[in-house]
Amino acid sequence: KELFQVLNAVVKEELAVNNRNVWRNEIVVLLCIGEIFLMMGLSFLSPILPKFIKSLGIEAQAIGIAVGLAITAFGAARAIMDIPAGMIAKRFGRRFLLVGAPLVVLISALGCAFTTEYWQLIIWRILQGAGAASYSVAALIVLGEISETSNRGLYISFFWTAALIGASFGPTLGGFMGEYFGYRAVFFCYAALALLAVIWGYFRIPETSLKQNKAQLRSEDPNLVERKNSSRFLFNGNFILISLVALLTLVTIGGTQATLVPLVGYEYLSLREGQVGISLTVIAIMQVILSPVAGRFSDKIGRKKLIVLGGVISALGLIMFVQSSSYWFFLFSALVLGLGRGIGAPVPTAYVSDIALKENYESTLACFRAVSDLGWVIGPLLCGYLKDIAGLSLPFYLTAAMLFLIVILFGIFGKETVVRKEKFIR
């Protein structure tokens, strides 16, 4: 009888674990599909944005700062909205943002489609940034809640990969669409994809907040127990270093990659919109291939190695772009940059989740996102300004050097959060 009771308890526990794992995996898939819709639409804009802005009456000699400001408007809204989004998710639940944020993006995309003045574009880009930030923060909070140290890197890499799948198709489709159907058609397609995300979120994504799903969320993570009463985690060296890594990564993504790589193709190599779109797609495809692998490896061998390696390779890829003398070398530079992004880019979020307080994921991840999203503000304006006063080469060299320096500092002074015996190192 005692043996039967023990076996019965073991079976019940195993069933509970399996049910919880199925529930977690389903949530990850649902979030990833919504992210694909949004990122595909957002990445439509990259190849056509410089010429669309020029069509609004901006002169050629000011195009660098104009493109930079349009991207900065998006990034500034993201950075400003990150912390409020965390507060909204805590107060009203995650689903409120996972459904409402794509609706905001839908409205802003339609606004861009009917834009006739540059200042109008800036306003709609601000709204887009607020919507994009809200969805990402809510999704990352959910992933932090339902994951553990042993699978967090994998879960977050899946979400990152979903974004990249959308980004892989977006630039090429957007480039050819703008080339053959006009630039405004790109915004209408963006609105359609945002509508799909709204519908998907409303009918498929459940609420996962602690208040409504206590029984289904993950059990106490032993790596977090000793940090429950710490109030200084946002100000320790590990958090500051990883936030700076993320900040500089987004400076290079929003500044050099999104703002200036298309201009290198147009001004140095006289490429067409479709050709520039293909090169941006190459960057995204490399990340799609490598991000899940990097996420899984970060769960096994640790976060630091991959963050440092990815940052160094990304810096190399950026420098290679301004050395391009042919379209094939331009594509090869995109491949190298995509290699670095794929290895290192998804891992910092997992690192932050490792050191975050279990009961306060909302504030931790929102603060990290706010700091890193400042890269979307600093990068485009800085790179656009430097391009207009000193040419295209300087911003590539400067941002690559900054990224290289910070990942080296992180490699020297940052602590690893994953070891073979699963002991947290403070």
# chains A, B, ... in the order shown; residues from 1 in each chain; ligands from 1
$ residues_around --residues "stretch 305-321 of chain A" --least-positions-apart "3" --cutoff "9 Å" --atoms "only C-alpha atoms" --output "VMD selection string"
chain A and resid 245 249 252 256 to 257 261 264 294 297 to 298 301 to 302 324 329 to 348 393 396 to 397 399 to 408 410 to 411 416
$ residues_around --residues "stretch 68-83 of chain A" --least-positions-apart "6" --cutoff "9 Å" --atoms "only C-alpha atoms" --output "number ranges by chain"
A: 49, 53, 118, 121-134, 136-137, 254-255, 258-260, 362-363, 365-385
$ residues_around --residues "stretch 94-110 of chain A" --least-positions-apart "6" --cutoff "7 Å" --atoms "only C-alpha atoms" --output "PDB file with N, CA and C atoms, in the first residue's frame"
ATOM      1  N   TRP A 124       3.911  59.664 -36.212  1.00  0.00           N
ATOM      2  CA  TRP A 124       3.456  58.273 -36.342  1.00  0.00           C
ATOM      3  C   TRP A 124       4.548  57.290 -35.950  1.00  0.00           C
ATOM      4  N   LEU A 127       4.437  56.831 -32.246  1.00  0.00           N
ATOM      5  CA  LEU A 127       3.363  55.915 -31.865  1.00  0.00           C
ATOM      6  C   LEU A 127       3.760  54.464 -32.136  1.00  0.00           C
ATOM      7  N   GLN A 128       4.443  54.233 -33.246  1.00  0.00           N
ATOM      8  CA  GLN A 128       4.930  52.881 -33.560  1.00  0.00           C
ATOM      9  C   GLN A 128       5.891  52.394 -32.474  1.00  0.00           C
ATOM     10  N   GLY A 131       4.026  51.320 -29.319  1.00  0.00           N
ATOM     11  CA  GLY A 131       3.356  50.034 -29.477  1.00  0.00           C
ATOM     12  C   GLY A 131       4.331  48.872 -29.477  1.00  0.00           C
ATOM     13  N   ALA A 132       5.442  49.028 -30.215  1.00  0.00           N
ATOM     14  CA  ALA A 132       6.433  47.961 -30.281  1.00  0.00           C
ATOM     15  C   ALA A 132       7.048  47.681 -28.914  1.00  0.00           C
ATOM     16  N   SER A 134       5.709  48.177 -25.941  1.00  0.00           N
ATOM     17  CA  SER A 134       4.723  47.564 -25.048  1.00  0.00           C
ATOM     18  C   SER A 134       4.599  46.072 -25.292  1.00  0.00           C
ATOM     19  N   TYR A 135       4.569  45.676 -26.562  1.00  0.00           N
ATOM     20  CA  TYR A 135       4.451  44.248 -26.859  1.00  0.00           C
ATOM     21  C   TYR A 135       5.700  43.495 -26.406  1.00  0.00           C
ATOM     22  N   ALA A 138       5.967  43.175 -22.509  1.00  0.00           N
ATOM     23  CA  ALA A 138       5.002  42.202 -21.993  1.00  0.00           C
ATOM     24  C   ALA A 138       5.434  40.777 -22.325  1.00  0.00           C
ATOM     25  N   PHE A 187       3.473  50.656 -46.170  1.00  0.00           N
ATOM     26  CA  PHE A 187       2.815  50.958 -44.900  1.00  0.00           C
ATOM     27  C   PHE A 187       1.461  50.263 -44.789  1.00  0.00           C
ATOM     28  N   PHE A 188       0.744  50.143 -45.898  1.00  0.00           N
ATOM     29  CA  PHE A 188      -0.532  49.430 -45.860  1.00  0.00           C
ATOM     30  C   PHE A 188      -0.324  47.951 -45.522  1.00  0.00           C
ATOM     31  N   TYR A 190       2.174  46.809 -43.755  1.00  0.00           N
ATOM     32  CA  TYR A 190       2.540  46.841 -42.340  1.00  0.00           C
ATOM     33  C   TYR A 190       1.282  46.859 -41.474  1.00  0.00           C
ATOM     34  N   ALA A 191       0.306  47.681 -41.846  1.00  0.00           N
ATOM     35  CA  ALA A 191      -0.951  47.758 -41.098  1.00  0.00           C
ATOM     36  C   ALA A 191      -1.685  46.420 -41.122  1.00  0.00           C
ATOM     37  N   ALA A 194      -0.030  44.082 -38.662  1.00  0.00           N
ATOM     38  CA  ALA A 194      -0.374  44.467 -37.290  1.00  0.00           C
ATOM     39  C   ALA A 194      -1.788  44.016 -36.945  1.00  0.00           C
ATOM     40  N   LEU A 195      -2.694  44.082 -37.918  1.00  0.00           N
ATOM     41  CA  LEU A 195      -4.060  43.602 -37.697  1.00  0.00           C
ATOM     42  C   LEU A 195      -4.071  42.102 -37.403  1.00  0.00           C
ATOM     43  N   ALA A 197      -1.706  40.494 -35.955  1.00  0.00           N
ATOM     44  CA  ALA A 197      -1.199  40.344 -34.591  1.00  0.00           C
ATOM     45  C   ALA A 197      -2.284  40.646 -33.561  1.00  0.00           C
ATOM     46  N   VAL A 198      -3.129  41.649 -33.834  1.00  0.00           N
ATOM     47  CA  VAL A 198      -4.231  41.972 -32.933  1.00  0.00           C
ATOM     48  C   VAL A 198      -5.200  40.797 -32.830  1.00  0.00           C
ATOM     49  N   GLY A 201      -3.544  37.792 -31.037  1.00  0.00           N
ATOM     50  CA  GLY A 201      -3.437  37.995 -29.600  1.00  0.00           C
ATOM     51  C   GLY A 201      -4.774  37.894 -28.900  1.00  0.00           C
ATOM     52  N   TYR A 202      -5.812  38.436 -29.491  1.00  0.00           N
ATOM     53  CA  TYR A 202      -7.126  38.446 -28.851  1.00  0.00           C
ATOM     54  C   TYR A 202      -7.690  37.033 -28.696  1.00  0.00           C
ATOM     55  N   ILE A 205      -3.809  34.290 -27.212  1.00  0.00           N
ATOM     56  CA  ILE A 205      -2.849  34.474 -26.122  1.00  0.00           C
ATOM     57  C   ILE A 205      -3.581  34.627 -24.799  1.00  0.00           C
ATOM     58  N   PRO A 206      -3.315  33.751 -23.810  1.00  0.00           N
ATOM     59  CA  PRO A 206      -3.982  33.834 -22.503  1.00  0.00           C
ATOM     60  C   PRO A 206      -3.246  34.775 -21.562  1.00  0.00           C
ATOM     61  N   GLU A 207      -3.868  35.042 -20.414  1.00  0.00           N
ATOM     62  CA  GLU A 207      -3.215  35.813 -19.358  1.00  0.00           C
ATOM     63  C   GLU A 207      -2.270  34.903 -18.578  1.00  0.00           C
ATOM     64  N   THR A 208      -1.086  35.414 -18.233  1.00  0.00           N
ATOM     65  CA  THR A 208      -0.097  34.595 -17.532  1.00  0.00           C
ATOM     66  C   THR A 208       0.388  35.241 -16.244  1.00  0.00           C
ATOM     67  N   SER A 209      -0.232  36.341 -15.816  1.00  0.00           N
ATOM     68  CA  SER A 209       0.287  37.058 -14.650  1.00  0.00           C
ATOM     69  C   SER A 209       0.176  36.214 -13.392  1.00  0.00           C
TER      70      SER A 209
END
$ closest_residue --among "A:Ser243, A:Gln61, A:Gln323, A:Gln275" --to "A:Asp388" --atoms "only C-alpha atoms"
A:Gln61
$ closest_residue --among "A:Ala284, A:Ile141, A:Met177, A:Ile27" --to "A:Ile48" --atoms "only C-alpha atoms"
A:Met177
$ select_by_dssp --residues "stretch 86-300 of chain A" --states "helix (DSSP H, G or I)" --output "number ranges by chain"
A: 86-92, 94-113, 118-146, 152-181, 183-204, 225-227, 233-235, 237-269, 273-300
$ closest_residue --among "A:Cys112, A:Ile285, A:Leu38, A:Val28" --to "A:Gly144" --atoms "only C-alpha atoms"
A:Val28
$ closest_residue --among "A:Leu56, A:Met39, A:Leu409, A:Val352" --to "A:Thr115" --atoms "only C-alpha atoms"
A:Leu56
$ residues_around --residues "stretch 146-163 of chain A" --least-positions-apart "2" --cutoff "6 Å" --atoms "only C-alpha atoms" --output "ChimeraX atom specification"
/A:32,35-36,39,143-144,165-166,217-218,288,291-292,295-296,299,346,350
$ decode --residues "stretch 93-107 of chain A" --atoms "all heavy atoms" --output "compact mmCIF listing (two decimals), in the first residue's frame"
# COMPACT_ATOMS: atom_id res chain seq x y z
N GLY A 93 -2.28 43.24 -16.24
CA GLY A 93 -2.02 41.94 -16.82
C GLY A 93 -1.26 42.02 -18.13
O GLY A 93 -1.20 43.07 -18.78
N ARG A 94 -0.69 40.89 -18.53
CA ARG A 94 0.15 40.86 -19.74
C ARG A 94 -0.68 40.93 -21.02
O ARG A 94 -0.31 41.55 -22.00
CB ARG A 94 0.99 39.59 -19.76
CG ARG A 94 2.09 39.49 -18.71
CD ARG A 94 1.63 39.64 -17.32
NE ARG A 94 2.60 39.22 -16.32
CZ ARG A 94 2.93 39.97 -15.29
NH1 ARG A 94 2.42 41.15 -15.12
NH2 ARG A 94 3.77 39.50 -14.39
N ARG A 95 -1.85 40.30 -20.98
CA ARG A 95 -2.68 40.21 -22.19
C ARG A 95 -3.17 41.58 -22.65
O ARG A 95 -3.36 41.82 -23.85
CB ARG A 95 -3.86 39.28 -21.92
CG ARG A 95 -4.64 38.87 -23.15
CD ARG A 95 -5.64 37.77 -22.82
NE ARG A 95 -6.35 37.35 -24.02
CZ ARG A 95 -7.46 37.91 -24.48
NH1 ARG A 95 -7.99 38.92 -23.80
NH2 ARG A 95 -8.04 37.47 -25.56
N PHE A 96 -3.36 42.49 -21.71
CA PHE A 96 -3.80 43.84 -22.04
C PHE A 96 -2.85 44.48 -23.05
O PHE A 96 -3.27 45.15 -24.00
CB PHE A 96 -3.87 44.68 -20.77
CG PHE A 96 -4.33 46.09 -20.98
CD1 PHE A 96 -5.68 46.39 -21.07
CD2 PHE A 96 -3.41 47.12 -21.08
CE1 PHE A 96 -6.11 47.70 -21.27
CE2 PHE A 96 -3.81 48.43 -21.27
CZ PHE A 96 -5.18 48.72 -21.37
N LEU A 97 -1.54 44.29 -22.85
CA LEU A 97 -0.55 44.84 -23.77
C LEU A 97 -0.33 43.97 -24.99
O LEU A 97 -0.10 44.47 -26.09
CB LEU A 97 0.78 45.03 -23.04
CG LEU A 97 0.82 46.13 -21.98
CD1 LEU A 97 2.19 46.18 -21.31
CD2 LEU A 97 0.48 47.48 -22.58
N LEU A 98 -0.40 42.65 -24.81
CA LEU A 98 -0.14 41.76 -25.94
C LEU A 98 -1.22 41.88 -27.01
O LEU A 98 -0.99 41.53 -28.17
CB LEU A 98 -0.05 40.31 -25.44
CG LEU A 98 1.15 40.01 -24.54
CD1 LEU A 98 1.06 38.60 -23.99
CD2 LEU A 98 2.46 40.21 -25.29
N VAL A 99 -2.39 42.37 -26.65
CA VAL A 99 -3.46 42.63 -27.63
C VAL A 99 -3.50 44.10 -28.01
O VAL A 99 -3.63 44.45 -29.19
CB VAL A 99 -4.83 42.18 -27.09
CG1 VAL A 99 -5.94 42.54 -28.08
CG2 VAL A 99 -4.84 40.69 -26.81
N GLY A 100 -3.36 44.98 -27.03
CA GLY A 100 -3.50 46.41 -27.29
C GLY A 100 -2.33 47.02 -28.04
O GLY A 100 -2.52 47.92 -28.87
N ALA A 101 -1.10 46.55 -27.79
CA ALA A 101 0.06 47.14 -28.45
C ALA A 101 0.03 46.98 -29.97
O ALA A 101 0.30 47.95 -30.70
CB ALA A 101 1.34 46.54 -27.87
N PRO A 102 -0.28 45.79 -30.51
CA PRO A 102 -0.39 45.69 -31.97
C PRO A 102 -1.46 46.60 -32.56
O PRO A 102 -1.33 47.06 -33.70
CB PRO A 102 -0.73 44.21 -32.19
CG PRO A 102 -0.19 43.52 -31.00
CD PRO A 102 -0.40 44.47 -29.86
N LEU A 103 -2.52 46.89 -31.79
CA LEU A 103 -3.55 47.81 -32.27
C LEU A 103 -2.98 49.21 -32.44
O LEU A 103 -3.30 49.92 -33.41
CB LEU A 103 -4.72 47.82 -31.29
CG LEU A 103 -5.91 48.72 -31.67
CD1 LEU A 103 -6.51 48.29 -32.99
CD2 LEU A 103 -6.96 48.69 -30.56
N VAL A 104 -2.11 49.62 -31.51
CA VAL A 104 -1.45 50.92 -31.63
C VAL A 104 -0.55 50.96 -32.87
O VAL A 104 -0.51 51.95 -33.61
CB VAL A 104 -0.62 51.21 -30.36
CG1 VAL A 104 0.22 52.48 -30.53
CG2 VAL A 104 -1.53 51.34 -29.16
N VAL A 105 0.16 49.87 -33.10
CA VAL A 105 1.02 49.78 -34.29
C VAL A 105 0.18 49.87 -35.56
O VAL A 105 0.57 50.52 -36.55
CB VAL A 105 1.84 48.48 -34.26
CG1 VAL A 105 2.61 48.31 -35.56
CG2 VAL A 105 2.81 48.49 -33.08
N LEU A 106 -0.96 49.21 -35.58
CA LEU A 106 -1.86 49.26 -36.73
C LEU A 106 -2.27 50.70 -37.05
O LEU A 106 -2.20 51.14 -38.22
CB LEU A 106 -3.11 48.41 -36.44
CG LEU A 106 -4.33 48.59 -37.35
CD1 LEU A 106 -4.01 48.18 -38.77
CD2 LEU A 106 -5.51 47.78 -36.82
N ILE A 107 -2.67 51.44 -36.04
CA ILE A 107 -3.09 52.83 -36.26
C ILE A 107 -1.93 53.67 -36.79
O ILE A 107 -2.09 54.47 -37.72
CB ILE A 107 -3.63 53.42 -34.94
CG1 ILE A 107 -4.91 52.68 -34.53
CG2 ILE A 107 -3.89 54.91 -35.08
CD1 ILE A 107 -5.39 53.02 -33.13
